[in-house]
Each structure stands twice: as C-alpha cells, then as structure tokens.
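One file, structure04.cif, is given below (mmCIF, C-alpha atoms).
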data_final
#
loop_
_atom_site.label_atom_id
_atom_site.label_comp_id
_atom_site.auth_asym_id
_atom_site.auth_seq_id
_atom_site.Cartn_x
_atom_site.Cartn_y
_atom_site.Cartn_z
CA MET A 572 128.37 -80.16 112.51
CA THR A 573 125.06 -81.10 110.94
CA PHE A 574 122.81 -83.59 112.73
CA ARG A 575 120.98 -86.25 110.79
CA SER A 576 117.36 -85.45 110.10
CA SER A 577 115.08 -86.48 112.94
CA PRO A 578 111.45 -87.67 112.69
CA ILE A 579 110.73 -85.43 115.69
CA PRO A 580 109.81 -81.84 114.69
CA PRO A 581 112.45 -79.25 115.66
CA GLY A 582 109.95 -77.34 117.77
CA VAL A 583 109.23 -80.44 119.85
CA LEU A 584 112.95 -81.05 120.35
CA THR A 585 113.43 -77.46 121.51
CA VAL A 586 110.57 -77.69 124.00
CA GLY A 587 111.96 -81.00 125.25
CA ALA A 588 115.41 -79.46 125.70
CA VAL A 589 113.99 -76.52 127.66
CA THR A 590 111.87 -78.80 129.84
CA PHE A 591 114.79 -81.07 130.70
CA THR A 592 117.01 -78.09 131.49
CA VAL A 593 114.47 -76.50 133.82
CA PHE A 594 113.84 -79.73 135.74
CA ALA A 595 117.56 -80.48 136.02
CA TRP A 596 118.41 -76.98 137.23
CA ALA A 597 115.58 -77.14 139.76
CA SER A 598 117.02 -80.33 141.21
CA ALA A 599 120.43 -78.65 141.46
CA PHE A 600 119.25 -76.33 144.24
CA VAL A 601 118.49 -79.34 146.44
CA SER A 602 121.80 -81.06 145.63
CA ILE A 603 123.82 -77.91 146.28
CA ARG A 604 122.30 -77.61 149.75
CA SER A 605 123.19 -81.23 150.48
CA ALA A 606 126.71 -81.28 149.06
CA GLY A 607 127.47 -77.79 150.37
CA ALA A 608 127.29 -79.04 153.95
CA ALA A 609 130.45 -81.10 153.37
CA TYR A 610 132.28 -79.22 150.61
CA SER A 611 133.47 -75.61 150.54
CA PRO A 612 132.14 -73.45 147.66
CA GLY A 613 135.28 -73.59 145.52
CA ALA A 614 135.90 -77.30 146.06
CA LEU A 615 132.28 -78.13 145.25
CA ALA A 616 132.47 -76.05 142.06
CA LEU A 617 135.69 -77.78 140.96
CA GLY A 618 134.35 -81.27 141.71
CA ARG A 619 131.13 -80.53 139.86
CA LEU A 620 132.94 -79.13 136.80
CA LEU A 621 135.47 -81.99 136.73
CA ALA A 622 132.63 -84.52 136.57
CA ALA A 623 130.86 -82.46 133.92
CA SER A 624 134.01 -82.04 131.84
CA LEU A 625 134.64 -85.80 131.83
CA VAL A 626 131.13 -86.50 130.51
CA LEU A 627 131.31 -83.69 127.93
CA VAL A 628 134.74 -84.75 126.63
CA ILE A 629 133.39 -88.28 126.11
CA LEU A 630 130.38 -86.90 124.25
CA VAL A 631 132.61 -84.70 122.06
CA LEU A 632 134.81 -87.68 121.19
CA VAL A 633 131.84 -89.94 120.46
CA ARG A 634 130.23 -87.28 118.26
CA ARG A 635 133.63 -86.56 116.67
CA GLN A 636 133.34 -82.83 117.15
CA GLY A 637 136.64 -81.00 117.01
CA LEU A 638 137.62 -77.56 118.22
CA PRO A 639 135.04 -74.78 117.80
CA PRO A 640 135.69 -72.15 115.10
CA ARG A 641 137.87 -69.22 116.10
CA GLU A 642 134.90 -66.84 116.03
CA ALA A 643 133.19 -68.80 118.83
CA TRP A 644 136.06 -68.70 121.33
CA ARG A 645 135.42 -65.27 122.83
CA GLY A 646 131.92 -66.25 123.89
CA ILE A 647 133.13 -69.64 125.08
CA LEU A 648 135.88 -68.19 127.26
CA VAL A 649 133.66 -65.48 128.77
CA SER A 650 130.81 -67.87 129.55
CA GLY A 651 133.26 -70.44 130.91
CA VAL A 652 134.91 -68.08 133.37
CA VAL A 653 131.87 -65.96 134.30
CA TRP A 654 129.05 -68.55 134.22
CA PHE A 655 130.53 -72.02 134.74
CA CYS A 656 133.12 -70.86 137.28
CA GLY A 657 131.90 -67.56 138.74
CA TYR A 658 128.20 -68.37 138.97
CA THR A 659 128.81 -71.80 140.46
CA ILE A 660 131.14 -70.56 143.20
CA ALA A 661 128.94 -67.56 144.04
CA LEU A 662 125.80 -69.68 144.29
CA ASN A 663 127.53 -72.39 146.35
CA TRP A 664 128.79 -69.76 148.75
CA GLY A 665 125.56 -67.78 148.81
CA GLU A 666 123.44 -70.82 149.69
CA ARG A 667 125.59 -71.35 152.79
CA LEU A 668 124.66 -67.89 154.07
CA VAL A 669 121.02 -67.42 153.08
CA ASP A 670 118.02 -69.74 153.12
CA ALA A 671 116.87 -71.50 149.97
CA GLY A 672 113.87 -69.22 149.47
CA THR A 673 115.94 -66.05 149.55
CA ALA A 674 118.59 -67.56 147.28
CA SER A 675 115.95 -68.62 144.74
CA LEU A 676 114.39 -65.16 144.78
CA LEU A 677 117.69 -63.33 144.27
CA VAL A 678 118.97 -65.64 141.52
CA ASN A 679 115.67 -65.22 139.69
CA THR A 680 116.59 -61.62 138.92
CA GLY A 681 118.88 -63.19 136.30
CA PRO A 682 116.26 -63.60 133.55
CA ILE A 683 115.32 -59.91 133.87
CA LEU A 684 118.96 -58.88 133.45
CA MET A 685 119.27 -61.35 130.60
CA ALA A 686 116.33 -59.87 128.69
CA LEU A 687 117.65 -56.33 129.17
CA LEU A 688 121.17 -57.28 128.08
CA ALA A 689 119.82 -59.22 125.09
CA ALA A 690 117.84 -56.18 123.99
CA ARG A 691 120.83 -53.88 124.43
CA LEU A 692 123.66 -56.05 123.10
CA LEU A 693 121.98 -58.58 120.79
CA GLY A 694 119.21 -56.39 119.40
CA GLU A 695 116.47 -58.73 120.60
CA ALA A 696 112.97 -57.33 120.97
CA LEU A 697 111.21 -56.87 124.30
CA PRO A 698 107.58 -57.58 123.34
CA PRO A 699 104.89 -56.62 125.86
CA ARG A 700 103.93 -60.26 126.42
CA LEU A 701 107.50 -61.13 127.43
CA LEU A 702 107.67 -58.22 129.85
CA LEU A 703 104.24 -59.07 131.29
CA GLY A 704 105.13 -62.74 131.65
CA MET A 705 108.42 -61.91 133.39
CA ALA A 706 106.61 -59.57 135.78
CA VAL A 707 104.06 -62.26 136.69
CA SER A 708 106.78 -64.91 137.11
CA PHE A 709 108.95 -62.62 139.20
CA ALA A 710 105.98 -61.91 141.45
CA GLY A 711 105.58 -65.67 141.81
CA ALA A 712 109.27 -66.06 142.63
CA VAL A 713 108.90 -63.39 145.33
CA VAL A 714 105.95 -65.27 146.83
CA VAL A 715 107.83 -68.59 146.74
CA GLY A 716 110.93 -66.98 148.20
CA LEU A 717 109.04 -65.34 151.07
CA SER A 718 107.03 -68.48 151.84
CA MET A 719 110.14 -70.69 151.90
CA SER A 720 112.27 -68.29 153.94
CA SER A 721 112.76 -69.25 157.54
CA GLY A 722 112.43 -65.66 158.75
CA GLU A 723 114.52 -66.47 161.82
CA GLY A 724 117.17 -64.06 162.97
CA GLY A 725 120.62 -64.57 161.55
CA SER A 726 119.45 -66.76 158.64
CA THR A 727 120.25 -64.12 156.05
CA SER A 728 123.48 -62.17 155.71
CA VAL A 729 124.38 -59.17 153.62
CA LEU A 730 127.27 -61.13 152.10
CA GLY A 731 124.91 -63.96 151.18
CA VAL A 732 122.55 -61.56 149.43
CA VAL A 733 125.43 -59.97 147.52
CA LEU A 734 126.76 -63.38 146.45
CA CYS A 735 123.35 -64.50 145.14
CA LEU A 736 122.99 -61.24 143.21
CA LEU A 737 126.48 -61.75 141.76
CA ALA A 738 125.39 -65.25 140.73
CA ALA A 739 122.39 -63.74 138.93
CA VAL A 740 124.62 -61.23 137.10
CA ALA A 741 127.08 -64.00 136.15
CA TYR A 742 124.20 -66.14 134.88
CA ALA A 743 122.81 -63.37 132.67
CA THR A 744 126.25 -62.32 131.42
CA GLY A 745 127.24 -65.89 130.60
CA VAL A 746 124.11 -66.49 128.52
CA ILE A 747 124.53 -63.27 126.56
CA ALA A 748 128.19 -64.13 125.86
CA GLN A 749 127.22 -67.64 124.81
CA LYS A 750 124.52 -66.65 122.32
CA PRO A 751 126.85 -65.26 119.58
CA ALA A 752 129.17 -68.27 119.97
CA LEU A 753 126.29 -70.52 118.94
CA SER A 754 126.19 -68.81 115.56
CA TYR A 755 129.55 -70.46 114.83
CA GLY A 756 129.89 -73.54 117.03
CA ALA A 757 127.55 -76.45 117.74
CA PRO A 758 125.77 -76.55 121.13
CA LEU A 759 127.85 -79.49 122.37
CA GLN A 760 131.10 -77.78 121.33
CA VAL A 761 130.20 -74.52 123.04
CA THR A 762 129.09 -76.28 126.22
CA ALA A 763 132.06 -78.63 126.44
CA TYR A 764 134.78 -76.03 125.94
CA ALA A 765 133.05 -73.48 128.17
CA CYS A 766 132.89 -76.13 130.89
CA LEU A 767 136.57 -76.98 130.40
CA THR A 768 137.38 -73.27 130.65
CA GLY A 769 135.45 -73.04 133.90
CA THR A 770 137.23 -76.11 135.24
CA VAL A 771 140.63 -74.58 134.55
CA ALA A 772 139.53 -71.37 136.28
CA CYS A 773 138.57 -73.44 139.37
CA LEU A 774 141.89 -75.34 139.58
CA PRO A 775 143.18 -73.13 142.46
CA PHE A 776 140.68 -75.03 144.66
CA THR A 777 142.30 -78.41 143.92
CA ALA A 778 143.98 -78.69 147.33
CA GLN A 779 140.69 -77.97 149.11
CA LEU A 780 138.85 -80.60 147.08
CA LEU A 781 141.49 -83.27 147.73
CA ALA A 782 141.43 -82.49 151.45
CA GLU A 783 137.63 -82.57 151.73
CA ILE A 784 136.83 -85.70 149.69
CA PRO A 785 138.04 -88.21 152.35
CA LYS A 786 136.04 -86.43 155.08
CA ALA A 787 132.81 -85.95 153.13
CA PRO A 788 129.94 -88.43 153.49
CA VAL A 789 129.20 -90.57 150.45
CA SER A 790 125.84 -88.83 149.94
CA ALA A 791 127.53 -85.43 149.60
CA THR A 792 130.04 -86.76 147.06
CA LEU A 793 127.28 -88.44 145.07
CA ASN A 794 125.36 -85.15 145.03
CA MET A 795 128.49 -83.39 143.76
CA LEU A 796 128.84 -85.95 140.96
CA TYR A 797 125.13 -85.64 140.14
CA LEU A 798 125.53 -81.86 139.88
CA GLY A 799 128.31 -82.39 137.37
CA VAL A 800 126.61 -85.01 135.20
CA VAL A 801 122.95 -83.92 135.05
CA PRO A 802 122.46 -80.18 135.83
CA THR A 803 125.82 -79.26 134.24
CA ALA A 804 126.95 -81.63 131.46
CA LEU A 805 123.53 -82.68 130.18
CA ALA A 806 121.37 -79.68 131.10
CA PHE A 807 123.83 -77.06 129.88
CA THR A 808 124.00 -78.93 126.56
CA THR A 809 120.22 -78.97 126.18
CA TRP A 810 120.21 -75.29 127.21
CA THR A 811 122.64 -74.32 124.45
CA TYR A 812 120.63 -76.41 121.98
CA ALA A 813 117.55 -74.34 122.84
CA LEU A 814 119.49 -71.06 123.00
CA ALA A 815 120.68 -71.59 119.43
CA ARG A 816 117.05 -71.76 118.33
CA MET A 817 115.26 -69.00 120.24
CA PRO A 818 115.95 -65.51 121.62
CA ALA A 819 117.94 -65.36 124.87
CA GLY A 820 115.39 -63.17 126.64
CA LYS A 821 112.48 -65.47 125.84
CA LEU A 822 114.44 -68.58 126.81
CA GLY A 823 115.57 -66.98 130.05
CA ALA A 824 111.94 -66.34 131.01
CA THR A 825 111.30 -70.10 130.99
CA THR A 826 113.67 -70.56 133.93
CA TYR A 827 111.09 -68.83 136.11
CA ALA A 828 109.47 -72.27 136.23
CA VAL A 829 112.39 -73.47 138.40
CA PRO A 830 110.94 -72.30 141.77
CA ALA A 831 107.63 -73.99 141.00
CA ILE A 832 109.38 -77.24 140.08
CA VAL A 833 111.54 -77.09 143.21
CA VAL A 834 108.32 -76.96 145.23
CA LEU A 835 106.88 -79.96 143.35
CA LEU A 836 110.11 -81.98 143.67
CA SER A 837 110.29 -81.31 147.40
CA TRP A 838 106.66 -82.39 147.69
CA ALA A 839 107.11 -85.58 145.66
CA LEU A 840 110.58 -86.70 146.77
CA LEU A 841 110.97 -85.31 150.27
CA GLY A 842 107.38 -85.41 151.43
CA GLU A 843 107.47 -81.69 152.23
CA VAL A 844 103.90 -80.48 151.83
CA PRO A 845 104.04 -76.87 150.58
CA ALA A 846 101.99 -74.13 152.18
CA TRP A 847 99.15 -72.63 150.17
CA LEU A 848 101.20 -69.46 149.69
CA THR A 849 104.06 -71.50 148.19
CA LEU A 850 101.65 -73.22 145.81
CA LEU A 851 100.21 -69.85 144.79
CA GLY A 852 103.70 -68.54 144.04
CA GLY A 853 104.51 -71.63 142.01
CA LEU A 854 101.34 -71.23 139.95
CA LEU A 855 102.22 -67.58 139.30
CA CYS A 856 105.70 -68.63 138.12
CA LEU A 857 104.21 -71.12 135.66
CA ALA A 858 101.54 -68.67 134.53
CA GLY A 859 104.19 -66.04 133.78
CA VAL A 860 106.20 -68.53 131.73
CA ALA A 861 103.06 -69.45 129.78
CA VAL A 862 102.34 -65.77 129.05
CA SER A 863 105.93 -65.07 127.94
CA ARG A 864 105.99 -68.15 125.70
CA TYR A 865 102.63 -67.49 124.04
CA ALA A 866 102.62 -65.95 120.60
CA PRO A 867 99.57 -65.47 118.34
CA ARG A 868 99.80 -67.69 115.26
CA SER A 869 99.69 -64.71 112.92
CA ARG A 870 102.76 -63.20 114.58
CA ARG A 871 104.94 -66.27 114.93
CA THR A 872 108.23 -66.01 113.12
CA PRO A 873 110.07 -68.84 111.38
CA THR A 874 112.82 -70.68 113.24
CA GLY A 875 116.12 -68.88 113.03
CA GLY A 876 114.60 -65.44 112.89
CA SER A 877 116.72 -64.02 115.70
CA PRO A 878 119.27 -61.33 114.85
CA LEU A 879 122.12 -63.81 115.19
CA GLY A 880 120.55 -66.70 113.33
CA ALA A 881 119.82 -70.17 114.61
CA GLY A 882 123.39 -71.36 114.91
CA ARG A 883 124.76 -74.57 113.47
CA THR A 884 122.62 -77.67 113.61
#
Please express what this file holds, its structure, as structure tokens.
Amino acid sequence: MTFRSSPIPPGVLTVGAVTFTVFAWASAFVSIRSAGAAYSPGALALGRLLAASLVLVILVLVRRQGLPPREAWRGILVSGVVWFCGYTIALNWGERLVDAGTASLLVNTGPILMALLAARLLGEALPPRLLLGMAVSFAGAVVVGLSMSSGEGGSTSVLGVVLCLLAAVAYATGVIAQKPALSYGAPLQVTAYACLTGTVACLPFTAQLLAEIPKAPVSATLNMLYLGVVPTALAFTTWTYALARMPAGKLGATTYAVPAIVVLLSWALLGEVPAWLTLLGGLLCLAGVAVSRYAPRSRRTPTGGSPLGAGRT
C-alpha cells in the first residue's frame, strides 16, 4: 500500500514514530506492575493482545489493507509467536518475581542482542558510534536498575532473572524476524497479523482470563486494556513504521531511553522524586541514545539505504 504524500518530511515522521513508541513502551512497565497484581501472566498477555487485535483489525479494515504478501508471512509468524506472545508472557511473569529496576536492566540487554543479530543475519553495520552509544546507554540502564532496586532479601529470584532475560531474547529475535517482512508488507499489515498470531498462541490462557476478570479491580482491567491499545496496537505500529525506514540495530538503541522516561513519568504522574543516582542513570541513557543516533552530515546515507530496503510505504 502506498500512503498519500504528506506535507511532513519523512524524517520528521520517523522521529515522531520512534518518540511515541518509546514513551508508550515506558508507560507499559508501570501498567504491567499494576495489572499484574490481579491477572496471571498468561491471562494478562491474552487480554492485552485481544484488545490490541481488535484495534488493529479495525485499522486494517478502515485502511482497506488486505492480507500481507506470502513473502512476509514467515517474519510475521515468528515475531507473532516469539515477540507478541513469548515476550509478553515472560515479562509479565518476570515482573512478578523481580523488582522493576532489575527487570528494566535485564530487558535492556535486548538492544545489544538486536544489534549483534542484525549484523550477523541482516548484514547491518556496527559503526563505532552505535557501539559507543549502546555502551553508554547500557551503563545508564545499570545505574537506573541498581538505584530502583529494593535490595531487600527475597525481592529477586533466579527464575525472575531468567524470565526477564528470555524476554530480552524474544524481543531481539522478534525484531530481527520482523525486519525482512517489512520489505514486502506495510507496517500496519505486519503489526496486525503478528498481533493476531500472538493472540492465537495465547488462547490456551482463555479459561484463566475468564476466571480472573470478575475478581479483578476495575483499575487492573483498565490497565490491561490500555496495554493492548496504546503500547501494543499503536506503539507496535509506529515501531514497524520506523523499523521499515532505519536499521534494526540503530532503532533498537533508541529504546535505551525507556528507563529515563520511566523515571520522568514516575516523577510527573506518581510524585515519586527520583534519587540523584537515578537521574544520573537516566541522563546516561539519553546521552547514549544521542550518541548512537548522531551521524556526521557527510556520512549520512539516503533513506532506504539498509540492506533490505525501506519496505513499502
């Protein structure tokens, strides 16, 4: 599908898509903690994906986008099962066993894995600035994670650590599988059918979801619906829009801004004043993203210069 020409420059649209995605995914960590107190990991994943699928199906029908091309289906199915289903369940479960700081730190190994996989499987370059920026951001994520960790006995379990690491692997694997699919299908198509695939994979948790909905407080259910509509349906669509237009490794590095934004959101919305160490870590995260995103004008490449092309627009 080809979008009508927009008066907004493509580069501005891409930056806007990345910014929205990062803010939405940052808010998801707070909502998962809230909804996870009332819903089990599998039920929460299914409820979230059902809400997301409903929104995405409506968008697909309104935009009159049909089935993706056959060449896109392998990436769609892999990302749907591994990322939409596997990542969501693992993170939901992991956040019940470890504190938010530890979970954030462990999940933030995902962009590193993503860059390495993109270099190995997609032929993307690993420029020194990207590696330096990721190192600075990861150091910031470590600082944020340590400063937000409770440090009290019993707050962290080996199983929780393993689950968060599995979530990071699923995140990186899903992105790398999704990138080639965007060379054939539109971002909305890829997102919608990957989400539907993840929903089908989560159907074994239907009985749990139906049993837990009547007992859950309204706030937990609203958080579950929010997770489906904003961080999943809308943010995954803006993510795929950006992924079709820039290398996976470079885009993944931008998600290191998530811990910093979580700190700011907690400060603004919950009145939780961060410690100076948390603020320092957040600044390091943002500084690393800035370094990884910077490119000298003489070395900038035209849009669509990735090995797989820019995908359909």
(request) Around the point (132.1, -67.8, 119.9) in the file's coordinates, collect all residues with an atom within 12 Å, using all atoms listed in the file, and return them as a ChimeraX atom specification. (result) /A:638-651,745-758,760-762,764-765,879,882-883
(request) Apply the PyMOL selection byres ((chain A and resi 602) around 10) to the displayed file and report the matching residues as an MDAnalysis selection string. (result) chainID A and resid 596:601 603:607 790:791 793:798 802
(request) Taking the file as shown, find all residues satisfying the PyMOL selection byres ((chain A and resi 613) around 10) and write them as a ChimeraX atom specification. (result) /A:610-612,614-619,656-657,659-661,663-664,773-777,779-780
(request) Tell me which protein, DNA and RNA residues are within 10 Å of Thr590 (chain A), counting all atoms listed in the file, leaving out same-chain ones fewer than 5 positions away, and put them as a list in words. (result) Leu584, Thr585, Ala595, Ala806, Thr809, Trp810, Thr825, Thr826 and Ala828 of chain A
For Val678 (chain A), work out the shell of residues within 7 Å, counting all atoms listed in the file and skipping chain neighbours fewer than 6 positions away, then give it as an mmCIF file with C-alpha atoms, in the frame of the given file.
data_model
loop_
_atom_site.group_PDB
_atom_site.id
_atom_site.type_symbol
_atom_site.label_atom_id
_atom_site.label_comp_id
_atom_site.auth_asym_id
_atom_site.auth_seq_id
_atom_site.Cartn_x
_atom_site.Cartn_y
_atom_site.Cartn_z
ATOM 1 C CA CYS A 735 123.350 -64.500 145.140
ATOM 2 C CA LEU A 736 122.990 -61.240 143.210
ATOM 3 C CA ALA A 738 125.390 -65.250 140.730
ATOM 4 C CA ALA A 739 122.390 -63.740 138.930
#
Please report, as JSON, the centre and edge lengths in Å to one decimal of an axis-aligned box covering all listed atoms of region 752-771 of chain A with 4 Å per side.
{"center_x": 133.2, "center_y": -73.9, "center_z": 125.0, "size_x": 22.9, "size_y": 19.2, "size_z": 28.4}
(request) Have a look at CA of Thr808 (chain A) and CA of Leu759 (chain A) and let me know their distance in Å, one decimal. (result)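 Interatomic distance here is 5.7 Å.
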(request) Could you jot down the CA of Ala623 (chain A) to CA of Val801 (chain A) separation for me, Å, one decimal place? (result)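 Those two atoms sit 8.1 Å apart.
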(message) Please report the interatomic distance between CA of Phe594 (chain A) and CA of Ser708 (chain A) in Å with one decimal.
(response) 16.5 Å
(message) List as a ChimeraX atom specification the protein and nucleic acid residues near Met705 (chain A), meaning an atom at most 12 Å away when only C-alpha atoms are counted, but skip any in the same chain fewer than 5 places from it.
(response) /A:679-687,697-700,710-712,820-828,855-864
(message) Please expand the PyMOL selection byres ((chain A and resi 815) around 7) into the concrete residues it hits in this file, giving the result as a ChimeraX atom specification.
(response) /A:750,753,811-814,816-817,881-882
(request) Rank A:Ala831, A:Ala763, A:Ala609, A:Val628 by their smallest atom-to-atom distance to Val789 (chain A), using all atoms listed in the file, and report the top residue only. (result)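 Of all the options, A:Ala609 lies closest to Val789 (chain A).
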(message) Using all atoms listed in the file, can you tell me which of A:Ala622, A:Val652, A:Thr592, A:Ala608 comes closest to Val771 (chain A)?
(response)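 Among A:Ala622, A:Val652, A:Thr592, A:Ala608, it is A:Val652 that comes nearest to Val771 (chain A).
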(message) For a quick check of understanding, using all atoms listed in the file, which of A:Leu625, A:Leu620, A:Val829, A:Ala778 has the smallest distance to Trp654 (chain A)?
(response) A:Leu620
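Of the residues under consideration (A:Leu848, A:Ala706, A:Leu734, A:Val626), A:Val626 shows the shortest atom-to-atom contact distance to Gly799 (chain A) when counting only C-alpha atoms.
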(message) When you count all atoms listed in the file, which of these residues is closest to Ala772 (chain A): A:Phe591, A:Val653, A:Ser624, A:Pro580?
(response)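 Closest to Ala772 (chain A) of all the choices is A:Val653.
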